[in-house]
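*Asks:* This structure is in structure tokens; I'll ask about it shortly.
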Amino acid sequence: MKRTVWLIGGLIGVSLSLAAQREAPLSTDESTMIGIGGYNLQDTYLSPGININYTGLMMRVLNERMRVTCLADEHISRQQLVNVEFGSTHNGAETANIYAGFVDYDLGYHYRFTELPIDGLKLLTGLSTRISGGFLYNTRNSNNPVSGKADFDLNLSGMAIYNFCVAQLPLTFRYQMEVPFAGVLFSLNKGQPYYFISEGDTEGLIRVSSFHNKQVMRNYFTLDIPVGSFTVRMGYLNSMYRTNVNDIKTHVISNAFMIGIVKEFIAFGGKNLKDKSKYRSAYY
């Protein structure tokens, strides 16, 4: 009888242990990075008939969150990006400045290929959406000094994450690429003042965008390095934005070197705060 009780108890313990392993909480990988780099701007709404490049410096703050979801048997991860940037540029003669500011939010879902011939390599591919808005302000213009920007995009997104060691130091390298293939954007007509909108002149302000009138690409490289009790993320972000809508040509090109801190956390409360179960990361 005692043996039977011990056997049943052992089986229950093993079952609970296996269930705990299967239900290990999913973690969220979050990083906040600050970057500085170069801006190259052009907007023919601000400089009618003249293709003038404005160059200067920009600063960027980028927050990223990535988490495995329960979709497709936990083969799909969710990524959220919040980007805020500001730049100050000038023309070649240094007679005028353009100040620029943008905010965008990106939400993407990627299918994860983890069973690959190369150990430590993950490939992710999927779709994302991005909402962005911003402005270009020309200090020289007394009439029409501001060019407003607003976009909604559907993007193709791909990512490669590689975990490896150098001299027993664990490192993680990531490359991500994103290209929009369809969307809508706001654009004034050439020479149209903003007060015309309040008078009811709204024709052509919202345009469908795709490869025929908008070419955008973002390349993102990062390297995670453990430093003591922290993980430092170093990166490089190249962003290229070009549009040709309503006879207005615009390009915003930036290259920024980034640095920040990464943390891995599990969002739960109550008694679960005492649970020391291992988490399952979307990133590492």
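Identifiers in the structure tokens: chain A, B, ... in order shown; residue index from 1 per chain; ligand index from 1 in order shown.
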At a cut-off of 7 Å, using only C-alpha atoms, what residues contact range 75-90 of chain A? Leave out same-chain residues fewer than 3 positions from it and give the result as a short mmCIF file (atom, residue, chain, number, x, y, z; two decimals) with N, CA and C atoms, in the first residue's frame.
*Replies:*
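Output (around.cif):
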```
data_model
loop_
_atom_site.label_atom_id
_atom_site.label_comp_id
_atom_site.auth_asym_id
_atom_site.auth_seq_id
_atom_site.Cartn_x
_atom_site.Cartn_y
_atom_site.Cartn_z
N TYR A 39 21.64 63.47 -41.04
CA TYR A 39 20.39 63.66 -41.76
C TYR A 39 20.70 64.21 -43.15
N TYR A 54 19.54 69.42 -47.74
CA TYR A 54 19.89 69.98 -46.43
C TYR A 54 20.52 68.85 -45.61
N THR A 55 21.66 69.10 -45.03
CA THR A 55 22.36 68.08 -44.27
C THR A 55 22.66 68.59 -42.86
N GLY A 56 22.76 67.65 -41.93
CA GLY A 56 23.05 68.02 -40.56
C GLY A 56 23.00 66.83 -39.64
N LEU A 57 22.76 67.09 -38.36
CA LEU A 57 22.76 66.06 -37.33
C LEU A 57 21.34 65.74 -36.87
N MET A 58 21.16 64.52 -36.41
CA MET A 58 19.88 64.08 -35.86
C MET A 58 20.11 63.25 -34.61
N MET A 59 19.09 63.24 -33.75
CA MET A 59 19.10 62.38 -32.56
C MET A 59 17.85 61.51 -32.59
N ARG A 60 17.98 60.30 -32.06
CA ARG A 60 16.90 59.34 -32.11
C ARG A 60 16.81 58.59 -30.78
N VAL A 61 15.57 58.33 -30.33
CA VAL A 61 15.32 57.44 -29.21
C VAL A 61 14.41 56.32 -29.71
N LEU A 62 14.84 55.08 -29.48
CA LEU A 62 14.12 53.92 -30.01
C LEU A 62 13.86 52.94 -28.88
N ASN A 63 12.58 52.62 -28.68
CA ASN A 63 12.19 51.61 -27.70
C ASN A 63 11.64 50.40 -28.45
N GLU A 64 12.11 49.21 -28.08
CA GLU A 64 11.70 47.98 -28.75
C GLU A 64 11.24 46.95 -27.74
N ARG A 65 10.15 46.28 -28.05
CA ARG A 65 9.67 45.16 -27.23
C ARG A 65 9.38 43.98 -28.15
N MET A 66 9.82 42.80 -27.71
CA MET A 66 9.63 41.60 -28.52
C MET A 66 9.23 40.45 -27.61
N ARG A 67 8.22 39.68 -28.05
CA ARG A 67 7.67 38.62 -27.20
C ARG A 67 7.10 37.50 -28.07
N VAL A 68 7.31 36.26 -27.64
CA VAL A 68 6.67 35.11 -28.29
C VAL A 68 5.19 35.11 -27.96
N THR A 69 4.34 34.84 -28.96
CA THR A 69 2.90 34.75 -28.74
C THR A 69 2.48 33.28 -28.72
N LEU A 71 0.36 32.11 -30.83
CA LEU A 71 -0.11 31.80 -32.17
C LEU A 71 0.78 30.74 -32.82
N ALA A 72 0.17 29.88 -33.64
CA ALA A 72 0.89 28.86 -34.42
C ALA A 72 1.82 28.05 -33.54
N GLU A 94 24.64 77.53 -46.18
CA GLU A 94 24.34 77.83 -44.77
C GLU A 94 23.55 79.13 -44.62
N ALA A 96 20.07 78.88 -44.79
CA ALA A 96 18.74 78.47 -44.31
C ALA A 96 18.86 77.14 -43.61
N ASN A 97 17.92 76.92 -42.69
CA ASN A 97 17.89 75.66 -41.93
C ASN A 97 16.55 74.97 -42.12
N ILE A 98 16.57 73.65 -42.04
CA ILE A 98 15.34 72.86 -41.94
C ILE A 98 15.44 72.04 -40.67
N TYR A 99 14.44 72.20 -39.81
CA TYR A 99 14.32 71.37 -38.62
C TYR A 99 13.28 70.28 -38.91
N ALA A 100 13.57 69.08 -38.45
CA ALA A 100 12.69 67.95 -38.73
C ALA A 100 12.42 67.17 -37.45
N GLY A 101 11.20 66.67 -37.35
CA GLY A 101 10.83 65.83 -36.22
C GLY A 101 9.83 64.78 -36.65
N PHE A 102 10.02 63.55 -36.17
CA PHE A 102 9.15 62.44 -36.54
C PHE A 102 8.91 61.53 -35.34
N VAL A 103 7.70 60.96 -35.30
CA VAL A 103 7.34 59.94 -34.31
C VAL A 103 6.65 58.82 -35.07
N ASP A 104 7.06 57.58 -34.82
CA ASP A 104 6.36 56.47 -35.47
C ASP A 104 6.24 55.27 -34.54
N TYR A 105 5.19 54.50 -34.80
CA TYR A 105 4.91 53.28 -34.04
C TYR A 105 4.80 52.13 -35.02
N ASP A 106 5.51 51.04 -34.72
CA ASP A 106 5.59 49.88 -35.61
C ASP A 106 5.18 48.63 -34.84
N LEU A 107 4.24 47.86 -35.41
CA LEU A 107 3.79 46.60 -34.81
C LEU A 107 3.93 45.50 -35.85
N GLY A 108 4.73 44.47 -35.51
CA GLY A 108 4.98 43.40 -36.46
C GLY A 108 4.83 42.02 -35.85
N TYR A 109 4.45 41.07 -36.69
CA TYR A 109 4.35 39.67 -36.31
C TYR A 109 5.23 38.85 -37.25
N HIS A 110 6.10 38.02 -36.67
CA HIS A 110 7.06 37.25 -37.45
C HIS A 110 6.94 35.76 -37.14
N TYR A 111 7.02 34.95 -38.19
CA TYR A 111 7.11 33.50 -38.00
C TYR A 111 8.57 33.15 -37.76
N ARG A 112 8.82 32.32 -36.76
CA ARG A 112 10.17 32.02 -36.30
C ARG A 112 10.64 30.66 -36.82
N ALA A 282 11.87 35.50 -26.64
CA ALA A 282 11.62 35.70 -28.07
C ALA A 282 12.88 36.07 -28.80
#
```
*Asks:* List every residue of range 130-261 of chain A that DSSP, applied to the backbone, labels as alpha helix (DSSP H), and write the result as a list in words.
*Replies:* Tyr195, Phe196, Ile197 and Ser198 of chain A
*Asks:* With N, CA and C atoms retained, write the just-selected residues as a PDB file, in the first residue's frame.
*Replies:*
```pdb
ATOM      1  N   TYR A 195      -3.940  77.001 -45.199  1.00  0.00           N
ATOM      2  CA  TYR A 195      -5.238  77.593 -44.901  1.00  0.00           C
ATOM      3  C   TYR A 195      -6.277  77.242 -45.961  1.00  0.00           C
ATOM      4  N   PHE A 196      -5.832  76.760 -47.153  1.00  0.00           N
ATOM      5  CA  PHE A 196      -6.790  76.314 -48.169  1.00  0.00           C
ATOM      6  C   PHE A 196      -7.585  75.111 -47.668  1.00  0.00           C
ATOM      7  N   ILE A 197      -6.959  74.312 -46.786  1.00  0.00           N
ATOM      8  CA  ILE A 197      -7.657  73.138 -46.256  1.00  0.00           C
ATOM      9  C   ILE A 197      -8.858  73.571 -45.430  1.00  0.00           C
ATOM     10  N   SER A 198      -8.685  74.635 -44.626  1.00  0.00           N
ATOM     11  CA  SER A 198      -9.799  75.127 -43.819  1.00  0.00           C
ATOM     12  C   SER A 198     -10.911  75.722 -44.676  1.00  0.00           C
TER      13      SER A 198
END
```
*Asks:* Compile the contact shell of range 140-153 of chain A as a list in words: residues with an atom at most 6 Å away, counting only C-alpha atoms, same-chain residues fewer than 2 positions apart removed.
*Replies:*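 The residues that qualify are Ala96, Thr129, Arg130, Ile131, Ser132, Gly133, Gly134, Phe135, Leu136, Tyr137, Asn138, Pro180, Ala182, Gly183, Val184, Leu185 and Phe186 of chain A.
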*Asks:* Identify, with DSSP run on backbone atoms, the residues in range 80-235 of chain A assigned to strand (DSSP E), and express the list as number ranges by chain.
*Replies:* A: 80-90, 97-113, 121-138, 146-166, 169-186, 206-209, 214-227, 230-235
*Asks:* I want to know what sits within 9 Å of range 168-171 of chain A, based on only C-alpha atoms, with residues of the same chain fewer than 3 positions away left out; could you give that as a PyMOL selection string?
*Replies:* chain A and resi 162-165+223-226
*Asks:* So which one's closest to Thr222 in chain A, A:Ile161, A:Val252, A:Ile206, A:Leu116? Using only C-alpha atoms, please.
*Replies:*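 Ranked by minimum distance to Thr222 in chain A, first place goes to A:Ile161.
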*Asks:* List the spatial neighbours of Lys249 in chain A as a PyMOL selection string - criterion: any atom at most 6 Å away, only C-alpha atoms, same-chain residues fewer than 3 positions off excluded.
*Replies:* chain A and resi 43-44+243-244
*Asks:* Only N, CA and C atoms, please: the residues just picked out, written as a short mmCIF file (atom, residue, chain, number, x, y, z; two decimals), in the first residue's frame.
*Replies:*
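File produced: result_10.cif:
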```cif
data_model
loop_
_atom_site.label_atom_id
_atom_site.label_comp_id
_atom_site.auth_asym_id
_atom_site.auth_seq_id
_atom_site.Cartn_x
_atom_site.Cartn_y
_atom_site.Cartn_z
N ASP A 43 12.82 68.61 -49.76
CA ASP A 43 11.37 68.69 -49.91
C ASP A 43 11.05 69.85 -50.84
N THR A 44 10.51 69.54 -52.02
CA THR A 44 10.27 70.59 -53.01
C THR A 44 9.01 71.40 -52.70
N THR A 243 9.52 59.99 -51.45
CA THR A 243 8.18 60.03 -52.02
C THR A 243 8.16 61.03 -53.18
N ASN A 244 7.24 60.77 -54.12
CA ASN A 244 6.99 61.68 -55.24
C ASN A 244 5.48 61.71 -55.42
#
```
*Asks:* Which is closest to Arg233 in chain A among A:Ile259, A:Val208, A:Ile248, A:Leu41, if we use only C-alpha atoms?
*Replies:*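 Distance minimum relative to Arg233 in chain A lands on A:Ile259.
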*Asks:* Applying 8 Å and only C-alpha atoms, which residues near Met240 in chain A remain after dropping the ones on its own chain fewer than 2 positions away? List them as a ChimeraX atom specification.
*Replies:* /A:215-218,238,242,251-254
*Asks:* Would you mind exporting the chosen residues as a PDB file, in the first residue's frame, restricted to N, CA and C atoms?
*Replies:*
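Okay, part-v7.pdb is ready:
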```pdb
ATOM      1  N   GLN A 215       9.364  54.973 -51.980  1.00  0.00           N
ATOM      2  CA  GLN A 215      10.397  53.967 -51.775  1.00  0.00           C
ATOM      3  C   GLN A 215      11.001  54.182 -50.385  1.00  0.00           C
ATOM      4  N   VAL A 216      10.784  53.199 -49.541  1.00  0.00           N
ATOM      5  CA  VAL A 216      11.232  53.298 -48.147  1.00  0.00           C
ATOM      6  C   VAL A 216      11.899  51.986 -47.768  1.00  0.00           C
ATOM      7  N   MET A 217      12.973  52.086 -47.015  1.00  0.00           N
ATOM      8  CA  MET A 217      13.643  50.889 -46.518  1.00  0.00           C
ATOM      9  C   MET A 217      14.351  51.230 -45.216  1.00  0.00           C
ATOM     10  N   ARG A 218      14.293  50.294 -44.276  1.00  0.00           N
ATOM     11  CA  ARG A 218      14.999  50.465 -43.004  1.00  0.00           C
ATOM     12  C   ARG A 218      15.875  49.252 -42.763  1.00  0.00           C
ATOM     13  N   ASN A 238      19.887  52.499 -40.439  1.00  0.00           N
ATOM     14  CA  ASN A 238      19.845  53.244 -41.693  1.00  0.00           C
ATOM     15  C   ASN A 238      18.389  53.304 -42.158  1.00  0.00           C
ATOM     16  N   ARG A 242      11.659  58.054 -49.423  1.00  0.00           N
ATOM     17  CA  ARG A 242      11.537  58.879 -50.632  1.00  0.00           C
ATOM     18  C   ARG A 242      10.104  58.816 -51.129  1.00  0.00           C
ATOM     19  N   HIS A 251      12.725  63.542 -49.730  1.00  0.00           N
ATOM     20  CA  HIS A 251      13.511  62.427 -49.196  1.00  0.00           C
ATOM     21  C   HIS A 251      14.040  62.789 -47.813  1.00  0.00           C
ATOM     22  N   VAL A 252      14.023  61.783 -46.959  1.00  0.00           N
ATOM     23  CA  VAL A 252      14.555  61.893 -45.602  1.00  0.00           C
ATOM     24  C   VAL A 252      15.436  60.670 -45.396  1.00  0.00           C
ATOM     25  N   ILE A 253      16.722  60.884 -45.343  1.00  0.00           N
ATOM     26  CA  ILE A 253      17.687  59.791 -45.202  1.00  0.00           C
ATOM     27  C   ILE A 253      18.485  60.009 -43.920  1.00  0.00           C
ATOM     28  N   SER A 254      18.564  58.985 -43.098  1.00  0.00           N
ATOM     29  CA  SER A 254      19.291  59.115 -41.837  1.00  0.00           C
ATOM     30  C   SER A 254      20.144  57.883 -41.593  1.00  0.00           C
TER      31      SER A 254
END
```
*Asks:* Suppose you want the space between CA of Leu156 in chain A and CA of Gly126 in chain A; what is it in Å?
*Replies:*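 Between these atoms lies a distance of 6.3 Å.
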